[in-house]
Amino acid sequence: MDLWTIIIISIIKILFVVTITLLTVSYLVYFERKISAWVQDRIGPNRVGWYGLLQPFADVFKLFLKEDIVPDASIKSIHTLAPIITLFVAFSTYAVLPWGPPVNIFGYEIPLVLADVNSGILIVLALTSLGVYGITFSGWASGSKYSLLGGVRSSAQMISYEISMGFSVAGVLLISESLRPAAIIESQSGWMWNAFIQPIGFITFLVSAFAETNRLPFDLPEAEPELVGGYHTEYSSMKFAAFFLAEYANMIISSGLIVTLYLGGWQVPYIETFGLSSGWVTMMQIGAFFFKVGAVLFFFIWVRWSIPRFKYNQLMNLGWKVMFPLALVNLVWVAILVMLLN
Amino acid sequence: MIEQYIPLFLVLATAVLIAVGIVASSTLIGPQRPNDEKKSTYESGVKPFGSAKERISIKYYVVAMLFIIFDLEVIFVYPWAVQFKSLYSVFGIPVFTTMLVFLVIFEIGYLYAYKKGGFNWE
Amino acid sequence: MTLEIILFILFALIGAASGVLMITRKNPVMSALFLILNFAALAGVYLLLNAQFIAVVQIIVYAGAIMVLFLFVIMLLRPDAEISILRTNPLLKYVAIGVGVLVFAQLIYLIFFFKPLNITPSDVAERIQIGTVENIGTEIYTKYIIPVQVAGFLLLSATIGALVLAKKKFE
């Protein structure tokens, strides 16, 4: 393929993925509200549109029409830049996640992933490690005590859990022998999902993903009772919405990552024995990916409405004294497993 | 080689565009009627006191330092993890013990920090 | 112009511009921000040199970890609330200018009077593959095991050093 073909194909794929992400993010907010209502025996949004289905659009339009207030005490340029960094990270990490097997269109073999690069999974980790800055900068630049405390707490939390996340990923790499997400998925054929082979690593990664996305029970940075809104106290209008959007986009990406690393990605176990035509198989595999991501997203929301918030010292203890040793144990366990099987 | 990274650069460029677009829209579309009350720092309804120029606890420095060190440890583990199967089939057990020794060296530091209270938060 | 050259010029310009902006900012957080941008541009240059793993590590370690420490230290020390060290000791400025000129002269010497290493084409073909994580893994865990363990001890001393420096606060 020449350069221009690559560029055109990737632009088409990017437009497709961006549309899907923006739509899912808005409806994820809707589902979060509906599920929370269902958990707490309420009705939830039901006024705008049929069963409240147009509620996300109403919310976004409202936020668009709100005044953007920048406090006098803030450092204006960094205050504006912080939500841009947060959104940038949220909308670039999906680049290397494959959502289906390679397909043949007009004689081109097109992988269903935006960028099939050699260092794939590390690029996700590199981009998420930049996510700390959106929070640190917003906390620093707002000129508010709540923001500063929320921002610093949150960045310390994120960096602490990044370590156990990194070690959990290393356990997956022992099995897959490659950093490419496509190869990681292929190494989990049948029921050889990493979630079953290395359950400890699965749990440490899952917990770290909750901490990295700042979701309850780890949403200390925005702990409303003591910190008002944490690092985004001094934000309004679409700048506030940017943090909100990014949180949900990060949730989708974490779910995609969990599915890719531990739940077999787009694979359906033993689908080749069903005797379906190749077109159907591809469709089912793409469907399986979105189904798995949806299930993990439901788990995210379910946990949020079931478990109370941790205290900050409990959170840091869990990260450094429990999750980090567990991730190490998992690494050694997988290495021994690989040695026994070879 | 660089061709496989072109889509990645395009994704990064799109992400910048989306991010700047969303944040810029807030100043372009919304009304602009600032006043002193609105632009003062939020303090739960009372008059703001003190400033946000306070120094943070040294604990955060320790956490960031430990984070760098263990992040580097993970970076050393990745190439080993990727090549473990193929190296093991050639060299056998030493490939495993090498990493075990490396990890133990780091865990001495970890245990020291544990004993010292580097992970204790009030 | 090939794609590589266009991208190199792009990354080099971003790197140089962010470097200059970094040292001219008054606000230390702004400087930190441009330093992050500078590291990102460097990662791009590494990528053009086929060092894929190093490029990602550059982002993870420098832009993602070391700069977090810098920011925490800035917040810890609050240099914007202190009197500038240059105001209390104006002589320091001239020392800094002197060191700057020295480093610049060194660079000029390297660029104009130094021949690049004698790399034959066969070497180049070999080196193209070297930057992947697989090759790095094979190299460092067969030929360079001792240096890796020494690096481990170095980082152990860093752990202990950091804790000893911050010790008083815990007691």
# chains A, B, ... in the order shown; residues from 1 in each chain; ligands from 1

$ interface_residues --of "chain B" --to "chain A" --cutoff "7 Å" --atoms "only C-alpha atoms" --output "ChimeraX atom specification"
/B:4-5,7-8,11-12,15-16,19-20,22-23,26-27,29-32,39-41,52,60,63,67,70-71,74,77-78,81-84,119,121-122

$ closest_atom_pairs --of "chain B" --to "chain C" --cutoff "8 Å" --atoms "only C-alpha atoms" --output "JSON lines"
{"residue": "B:Met1", "atom": "CA", "partner": "C:Asn50", "partner_atom": "CA", "distance": 7.2}
{"residue": "B:Ile2", "atom": "CA", "partner": "C:Leu48", "partner_atom": "CA", "distance": 6.6}
{"residue": "B:Lys53", "atom": "CA", "partner": "C:Arg78", "partner_atom": "CA", "distance": 7.3}
{"residue": "B:Glu54", "atom": "CA", "partner": "C:Arg78", "partner_atom": "CA", "distance": 7.8}
{"residue": "B:Arg55", "atom": "CA", "partner": "C:Leu76", "partner_atom": "CA", "distance": 5.0}
{"residue": "B:Ile56", "atom": "CA", "partner": "C:Leu76", "partner_atom": "CA", "distance": 5.1}
{"residue": "B:Ser57", "atom": "CA", "partner": "C:Leu76", "partner_atom": "CA", "distance": 6.9}
{"residue": "B:Ile58", "atom": "CA", "partner": "C:Leu76", "partner_atom": "CA", "distance": 6.9}
{"residue": "B:Tyr60", "atom": "CA", "partner": "C:Phe72", "partner_atom": "CA", "distance": 6.8}
{"residue": "B:Tyr61", "atom": "CA", "partner": "C:Phe72", "partner_atom": "CA", "distance": 6.0}
{"residue": "B:Val62", "atom": "CA", "partner": "C:Ala162", "partner_atom": "CA", "distance": 6.8}
{"residue": "B:Ala64", "atom": "CA", "partner": "C:Leu69", "partner_atom": "CA", "distance": 5.2}
{"residue": "B:Met65", "atom": "CA", "partner": "C:Leu69", "partner_atom": "CA", "distance": 6.5}
{"residue": "B:Leu66", "atom": "CA", "partner": "C:Thr159", "partner_atom": "CA", "distance": 6.5}
{"residue": "B:Phe67", "atom": "CA", "partner": "C:Ala65", "partner_atom": "CA", "distance": 7.1}
{"residue": "B:Ile68", "atom": "CA", "partner": "C:Ala65", "partner_atom": "CA", "distance": 5.5}
{"residue": "B:Ile69", "atom": "CA", "partner": "C:Leu155", "partner_atom": "CA", "distance": 6.2}
{"residue": "B:Asp71", "atom": "CA", "partner": "C:Val61", "partner_atom": "CA", "distance": 7.0}
{"residue": "B:Leu72", "atom": "CA", "partner": "C:Val61", "partner_atom": "CA", "distance": 7.0}
{"residue": "B:Glu73", "atom": "CA", "partner": "C:Gly152", "partner_atom": "CA", "distance": 7.8}
{"residue": "B:Ile75", "atom": "CA", "partner": "C:Val57", "partner_atom": "CA", "distance": 7.2}
{"residue": "B:Tyr78", "atom": "CA", "partner": "C:Val133", "partner_atom": "CA", "distance": 7.9}
{"residue": "B:Pro79", "atom": "CA", "partner": "C:Gly137", "partner_atom": "CA", "distance": 4.1}
{"residue": "B:Trp80", "atom": "CA", "partner": "C:Gly137", "partner_atom": "CA", "distance": 5.2}
{"residue": "B:Val82", "atom": "CA", "partner": "C:Glu134", "partner_atom": "CA", "distance": 6.4}
{"residue": "B:Gln83", "atom": "CA", "partner": "C:Gly137", "partner_atom": "CA", "distance": 5.8}
{"residue": "B:Leu87", "atom": "CA", "partner": "C:Thr138", "partner_atom": "CA", "distance": 7.3}
{"residue": "B:Val95", "atom": "CA", "partner": "C:Tyr141", "partner_atom": "CA", "distance": 7.4}
{"residue": "B:Thr98", "atom": "CA", "partner": "C:Ile145", "partner_atom": "CA", "distance": 7.5}
{"residue": "B:Val101", "atom": "CA", "partner": "C:Gln149", "partner_atom": "CA", "distance": 7.8}
{"residue": "B:Phe102", "atom": "CA", "partner": "C:Gln149", "partner_atom": "CA", "distance": 5.8}
{"residue": "B:Ile105", "atom": "CA", "partner": "C:Gly152", "partner_atom": "CA", "distance": 6.2}
{"residue": "B:Phe106", "atom": "CA", "partner": "C:Leu156", "partner_atom": "CA", "distance": 5.9}
{"residue": "B:Ile108", "atom": "CA", "partner": "C:Leu156", "partner_atom": "CA", "distance": 7.5}
{"residue": "B:Gly109", "atom": "CA", "partner": "C:Leu156", "partner_atom": "CA", "distance": 5.4}
{"residue": "B:Tyr110", "atom": "CA", "partner": "C:Thr159", "partner_atom": "CA", "distance": 7.9}
{"residue": "B:Tyr112", "atom": "CA", "partner": "C:Ile160", "partner_atom": "CA", "distance": 7.3}
{"residue": "B:Ala113", "atom": "CA", "partner": "C:Leu163", "partner_atom": "CA", "distance": 6.9}
{"residue": "B:Lys116", "atom": "CA", "partner": "C:Leu163", "partner_atom": "CA", "distance": 7.6}
{"residue": "B:Gly117", "atom": "CA", "partner": "C:Phe170", "partner_atom": "CA", "distance": 6.9}
{"residue": "B:Gly118", "atom": "CA", "partner": "C:Leu163", "partner_atom": "CA", "distance": 7.1}

$ closest_residue --among "C:Pro90, C:Gly131, C:Gly100, C:Gly15" --to "chain A" --atoms "only C-alpha atoms"
C:Gly131

$ residues_around --residues "Phe196 (chain A)" --least-positions-apart "3" --cutoff "12 Å" --atoms "only C-alpha atoms" --output "PyMOL selection string"
chain A and resi 172+188+190-193+199-203+261-264+334

$ write_last_selection --atoms "N, CA and C atoms" --output "CSV table (one decimal), in the first residue's frame"
chain,number,residue,atom,x,y,z
A,172,VAL,N,1.1,-10.4,31.1
A,172,VAL,CA,0.5,-10.8,29.8
A,172,VAL,C,1.5,-11.0,28.8
A,188,GLN,N,-4.5,-15.8,23.1
A,188,GLN,CA,-5.6,-16.2,24.1
A,188,GLN,C,-6.7,-17.0,23.3
A,190,GLY,N,-9.2,-19.9,22.0
A,190,GLY,CA,-10.0,-20.9,22.8
A,190,GLY,C,-10.4,-20.2,24.2
A,191,TRP,N,-10.3,-21.0,25.2
A,191,TRP,CA,-10.6,-20.5,26.6
A,191,TRP,C,-9.3,-20.1,27.3
A,192,MET,N,-8.2,-20.0,26.6
A,192,MET,CA,-6.9,-19.7,27.2
A,192,MET,C,-6.8,-18.2,27.5
A,193,TRP,N,-7.9,-17.7,28.1
A,193,TRP,CA,-7.9,-16.2,28.4
A,193,TRP,C,-7.0,-16.0,29.5
A,199,PRO,N,-5.2,-15.1,37.2
A,199,PRO,CA,-6.3,-14.3,37.8
A,199,PRO,C,-5.8,-13.2,38.7
A,200,ILE,N,-4.6,-13.4,39.4
A,200,ILE,CA,-4.1,-12.3,40.2
A,200,ILE,C,-3.8,-11.1,39.4
A,201,GLY,N,-3.1,-11.3,38.3
A,201,GLY,CA,-2.8,-10.2,37.4
A,201,GLY,C,-4.1,-9.5,36.9
A,202,PHE,N,-5.1,-10.3,36.6
A,202,PHE,CA,-6.4,-9.7,36.2
A,202,PHE,C,-7.0,-8.8,37.2
A,203,ILE,N,-6.9,-9.3,38.5
A,203,ILE,CA,-7.5,-8.5,39.6
A,203,ILE,C,-6.7,-7.2,39.8
A,261,LEU,N,-6.5,-7.5,26.9
A,261,LEU,CA,-5.4,-8.1,27.6
A,261,LEU,C,-5.8,-9.4,28.3
A,262,TYR,N,-7.1,-9.4,28.9
A,262,TYR,CA,-7.4,-10.5,29.7
A,262,TYR,C,-8.6,-11.3,29.3
A,263,LEU,N,-9.5,-10.8,28.4
A,263,LEU,CA,-10.7,-11.5,28.1
A,263,LEU,C,-10.8,-11.9,26.7
A,264,GLY,N,-9.6,-12.1,26.0
A,264,GLY,CA,-9.6,-12.7,24.7
A,264,GLY,C,-9.9,-11.7,23.6
A,334,VAL,N,3.5,-16.4,36.5
A,334,VAL,CA,3.3,-16.7,35.1
A,334,VAL,C,4.6,-17.2,34.5

$ interface_residues --of "chain A" --to "chain C" --cutoff "6 Å" --atoms "only C-alpha atoms" --output "ChimeraX atom specification"
/A:126,129-130

$ select_by_dssp --residues "region 24-254 of chain A" --states "strand (DSSP E)" --output "MDAnalysis selection string"
chainID A and resid 103:105 108:110

$ write_last_selection --atoms "N, CA and C atoms" --output "PDB file, in the first residue's frame"
ATOM      1  N   VAL A 103      -9.981  -7.617   8.046  1.00  0.00           N
ATOM      2  CA  VAL A 103     -11.008  -7.918   7.035  1.00  0.00           C
ATOM      3  C   VAL A 103     -10.474  -7.584   5.656  1.00  0.00           C
ATOM      4  N   ASN A 104     -11.051  -8.243   4.632  1.00  0.00           N
ATOM      5  CA  ASN A 104     -10.678  -8.026   3.246  1.00  0.00           C
ATOM      6  C   ASN A 104     -11.712  -7.143   2.585  1.00  0.00           C
ATOM      7  N   ILE A 105     -11.319  -5.906   2.201  1.00  0.00           N
ATOM      8  CA  ILE A 105     -12.229  -5.046   1.474  1.00  0.00           C
ATOM      9  C   ILE A 105     -11.534  -4.588   0.209  1.00  0.00           C
ATOM     10  N   TYR A 108      -7.876  -5.208  -0.303  1.00  0.00           N
ATOM     11  CA  TYR A 108      -6.932  -4.753   0.708  1.00  0.00           C
ATOM     12  C   TYR A 108      -7.178  -5.526   1.993  1.00  0.00           C
ATOM     13  N   GLU A 109      -6.120  -5.999   2.611  1.00  0.00           N
ATOM     14  CA  GLU A 109      -6.237  -6.626   3.923  1.00  0.00           C
ATOM     15  C   GLU A 109      -6.199  -5.508   4.957  1.00  0.00           C
ATOM     16  N   ILE A 110      -7.353  -5.191   5.554  1.00  0.00           N
ATOM     17  CA  ILE A 110      -7.415  -4.058   6.478  1.00  0.00           C
ATOM     18  C   ILE A 110      -7.564  -4.559   7.903  1.00  0.00           C
TER      19      ILE A 110
END

$ atom_distance --atom1 "CA of Pro98 (chain A)" --atom2 "CA of Ile185 (chain A)"
8.9 Å

$ select_by_dssp --residues "chain C" --states "alpha helix (DSSP H)" --output "PyMOL selection string"
chain C and resi 3-24+28-48+52-57+67-77+85-88+91-113+121-128+133-140+145-165
